[in-house]
Structure formats: structure tokens, C-alpha cells
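To start, the structure itself, in C-alpha cells.
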Amino acid sequence: MFARAFAIVAALFSALPALAGDDESFDRSGWYAGLGAQGQYYLLQDEVEQESLGLLTVGNTVGFMARGGYRLTSWFAAELAYEYAPGFALETARQIDLGAIDPSLPVVLKGTELVGVDGHTVTLNAKFLLPVWRIHPYLMLGLGGSLVKIEDRFGLVDASKVAVAGRLGVGGDIYITKNLLFYLELSGLLTSFDLKDPTAKQNLALLYYLAPQGGLQWRF
């Protein structure tokens with residue numbers, strides 16, 4: 001019995017160098033690419049309701065992000081990220097009778113989309129990681145641009161605008177194998193694009209939202 005126990009302990013100690021090598025492989029330098037889904041929760045609800053005198057509300061949406069980059073050291077990576085925000089909308093907060101303004105206009109029911117917004121955002125991100133075995137929490141800072149397309153229900157507005165975009169996020173990489181990992185992230189996007197009055201060239205509101213997301217990433 002003692003001989004068997006000694007053999008097991010000896011085998012564990014002999015495996016420690018190999019285990020340490022595996023740990024080190026998780027924070028190695030190299031290229032990576034990933035894809036994830038995200039919810040997009042817009043943070044300008046109060047501003048929109050106030051500006052529209054309570055007639056409009058903000059509809060949240062679901063989008064996705066594709067990212068790729070290079071991990072230069074165990075604690076730092078640089079990446080390029082593309083994010084698509086489809087179908088963000090300004091909706092009616094209650095029923096509106098437009099016939100009071102113009103008899104030819106209809107009654108608009110509550111929840112009707114009046115303005116639809118699609119956003120394409122690209123940012124260059126700096127990612128600061130804290131490698132702890134298979135779990136690597138991180139802080140991310142990014143800067144780039146957004147292409148925002150807006151359309152309204154009545155065909156009065158159909159335009160695309162380019163805006164500066166900034167990103168701040170926190171998250172964690174969770175390694176399944178040394179090449180495949182799952183990530184969770186909460187990031188915020190802030191742009192210089194105005195949304196409260198899409199027909200105006202300048203106004204007060206900015207398009208910004210929180211995006212909780214998760215996805216898979218491959219380390220090459």
C-alpha cells in the first residue's frame with residue numbers, strides 16, 4: 001500500500017513541469033480571432049422621452065461582434081473589432097393621432113417604429129489582461145468610428161452618417177483548451193452621432209449603449 005501511494009505521489013511530482021508548461025501556454029504570444037453575440041441596451045431613454053415630450057421610447061436590440069488581434073505579452077493584446085447593431089429603433093410610447101396635424105396622416109399605434117437605426121462600428125482596442133491559469137480577466141479601451149444609417153417610417157429621412165466611437169469594457173477569457181476559449185464581456189460604446197433629431201446636423205444627444213456579450217475565440 002505504501003509503495004503504491006509513493007508511486008502516485010512521485011508521478012504527480014513528475015507531472016508538475018508538464019502542467020506548468022500547459023499553464024504558460026495559455027498566456028503565450030500569438031494571433032487570435034473570435035465571434036460573439038451581444039445584447040445592446042441604449043442609455044438615452046430619458047433624453048429621448050424628454051425631447052419628444054413623452055411620445056417616443058427606445059427599443060433595444062441584439063447584435064454581434066467579430067474581433068481579431070495579436071497578444072504581444074502575457075498581459076497585453078492589440079485587436080481590431082467590428083460590431084453590428086441592427087434594428088435599433090425609436091418607437092411610439094403611446095398611440096398618436098397624426099390626423100390632428102394633417103387629416104391625411106394615420107393613427108400611429110403604440111410600439112410602432114418611427115425611426116430605424118443600423119450601426120456598423122470598427123474600433124482598435126488595447127486589451128490589458130491578468131492571466132490566472134485558465135481565466136484571464138481584462139480591461140479594454142478602444143477608439144474608432146461608426147457608420148450609422150437612419151430611416152424613418154414615412155420615407156422622410158434616409159441618410160448615413162459617420163461618427164467617432166469610443167469603447168470601454170471589462171471581461172474575461174476562459175480557456176477550454178490552449179487554443180479554444182470562451183469569453184464574457186460588458187462594454188460600453190459612445191459615439192458622437194446625434195439621435196434625438198435625425199434631421200438636424202447638430203444636436204445634444206449621443207448614441208451610446210451597454211453591450212453584454214459572450215462568444216468563442218481561437219488562439220493560433
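Identifiers in this document derive from the order of the C-alpha cells: chains are assigned A, B, ..., residues are numbered from 1 separately in each chain, and ligands are numbered from 1 in order of occurrence.
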
Neighbouring residues of Trp31 (chain A) were defined as those with any atom within 8 Å, considering only C-alpha atoms; residues of the same chain fewer than 4 positions away were excluded. Please report them as a ChimeraX atom specification. /A:68-71,219-220

Print the selection's residues with N, CA, C and O atoms to a file, as a CSV table (one decimal), in the first residue's frame.
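The resulting file, result_14.csv, is shown below:
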chain,number,residue,atom,x,y,z
A,68,GLY,N,-10.3,40.3,-33.9
A,68,GLY,CA,-9.1,39.6,-34.2
A,68,GLY,C,-7.9,40.4,-33.8
A,68,GLY,O,-8.0,41.7,-33.8
A,69,GLY,N,-6.9,39.8,-33.3
A,69,GLY,CA,-5.8,40.6,-32.8
A,69,GLY,C,-4.5,39.8,-32.5
A,69,GLY,O,-4.5,38.6,-32.9
A,70,TYR,N,-3.6,40.4,-31.8
A,70,TYR,CA,-2.3,39.7,-31.5
A,70,TYR,C,-2.0,40.0,-30.1
A,70,TYR,O,-2.0,41.1,-29.6
A,71,ARG,N,-1.8,38.9,-29.3
A,71,ARG,CA,-1.3,39.0,-27.9
A,71,ARG,C,0.2,39.2,-27.9
A,71,ARG,O,0.9,38.2,-28.2
A,219,ARG,N,-7.2,30.7,-30.5
A,219,ARG,CA,-5.8,31.2,-30.4
A,219,ARG,C,-5.0,30.3,-31.4
A,219,ARG,O,-5.0,29.1,-31.4
A,220,PHE,N,-4.3,31.0,-32.3
A,220,PHE,CA,-3.4,30.3,-33.3
A,220,PHE,C,-2.1,30.0,-32.8
A,220,PHE,O,-1.6,30.5,-31.8

Which value, in Å to one decimal, gives the distance between CA of Tyr183 (chain A) and CA of Arg167 (chain A)?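 Between these atoms lies a distance of 17.1 Å.
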
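Using only C-alpha atoms, the smallest distance between any of A:Leu35, A:Val122, A:Val162, A:Ala66 and Leu147 (chain A) comes from A:Val162.
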
As a check of understanding: the span from CA of Lys149 (chain A) to CA of His120 (chain A) is 8.6 Å

CA of Trp218 (chain A) to CA of Thr61 (chain A), straight-line distance in Å: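 We find that CA of Thr61 (chain A) and CA of Trp218 (chain A) lie 26.5 Å from each other.
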
Write out as a count of residues only each polymer residue whose atoms come within 8 Å of Tyr208 (chain A), counting only C-alpha atoms; drop sequence neighbours fewer than 6 positions from it. 7

Might you pull out every residue within 8 Å of Leu139 (chain A), with only C-alpha atoms counted and same-chain residues fewer than 3 positions away left off, and present them as a PyMOL selection string? chain A and resi 127-129+168-171

Surrounding residues of Gly36 (chain A) excluding itself and chain neighbours under 6 positions, 10 Å, only C-alpha atoms, as a list in words: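 Listed by chain and then number, they are Gly63, Phe64, Met65, Ala66, Arg67, Glu83, Phe182, Tyr183, Leu184, Glu185, Gln213, Gly214, Gly215, Leu216 and Gln217 of chain A.
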
Find the spatial neighbours of Gly145 (chain A), counting only C-alpha atoms, within a cut-off of 7 Å - ignore same-chain residues fewer than 6 positions away - and output them as a list in words.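 So, after excluding close chain neighbours, the residues are Thr121, Val122, Thr123, Val162, Ala163, Val164 and Ala165 of chain A.
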
Output N, CA and C atoms for every residue in the selection just made, as a PDB file, in the first residue's frame.
ATOM      1  N   THR A 121     -19.709  49.548 -36.448  1.00  0.00           N
ATOM      2  CA  THR A 121     -18.645  50.200 -35.693  1.00  0.00           C
ATOM      3  C   THR A 121     -17.361  49.390 -35.768  1.00  0.00           C
ATOM      4  N   VAL A 122     -16.253  50.066 -36.011  1.00  0.00           N
ATOM      5  CA  VAL A 122     -14.927  49.444 -36.001  1.00  0.00           C
ATOM      6  C   VAL A 122     -14.063  50.209 -35.015  1.00  0.00           C
ATOM      7  N   THR A 123     -13.443  49.484 -34.079  1.00  0.00           N
ATOM      8  CA  THR A 123     -12.538  50.128 -33.122  1.00  0.00           C
ATOM      9  C   THR A 123     -11.233  49.351 -33.035  1.00  0.00           C
ATOM     10  N   VAL A 162     -21.212  59.301 -40.469  1.00  0.00           N
ATOM     11  CA  VAL A 162     -20.019  58.725 -39.840  1.00  0.00           C
ATOM     12  C   VAL A 162     -19.745  59.479 -38.552  1.00  0.00           C
ATOM     13  N   ALA A 163     -19.412  58.739 -37.485  1.00  0.00           N
ATOM     14  CA  ALA A 163     -19.188  59.353 -36.186  1.00  0.00           C
ATOM     15  C   ALA A 163     -17.957  58.737 -35.535  1.00  0.00           C
ATOM     16  N   VAL A 164     -17.335  59.476 -34.640  1.00  0.00           N
ATOM     17  CA  VAL A 164     -16.236  58.956 -33.827  1.00  0.00           C
ATOM     18  C   VAL A 164     -16.824  58.049 -32.755  1.00  0.00           C
ATOM     19  N   ALA A 165     -16.155  56.931 -32.471  1.00  0.00           N
ATOM     20  CA  ALA A 165     -16.652  55.977 -31.482  1.00  0.00           C
ATOM     21  C   ALA A 165     -15.554  55.631 -30.486  1.00  0.00           C
TER      22      ALA A 165
END

Residues near Asn125 (chain A), anyone? I mean within 7 Å using only C-alpha atoms, not counting same-chain ones fewer than 6 positions away, as an NGL selection string. :A and (78-80 or 140-143)

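The smallest atom-to-atom distance between Val117 (chain A) and any of A:Tyr138, A:Gly144, A:Pro131, A:Asn60, using only C-alpha atoms, is found for A:Asn60.
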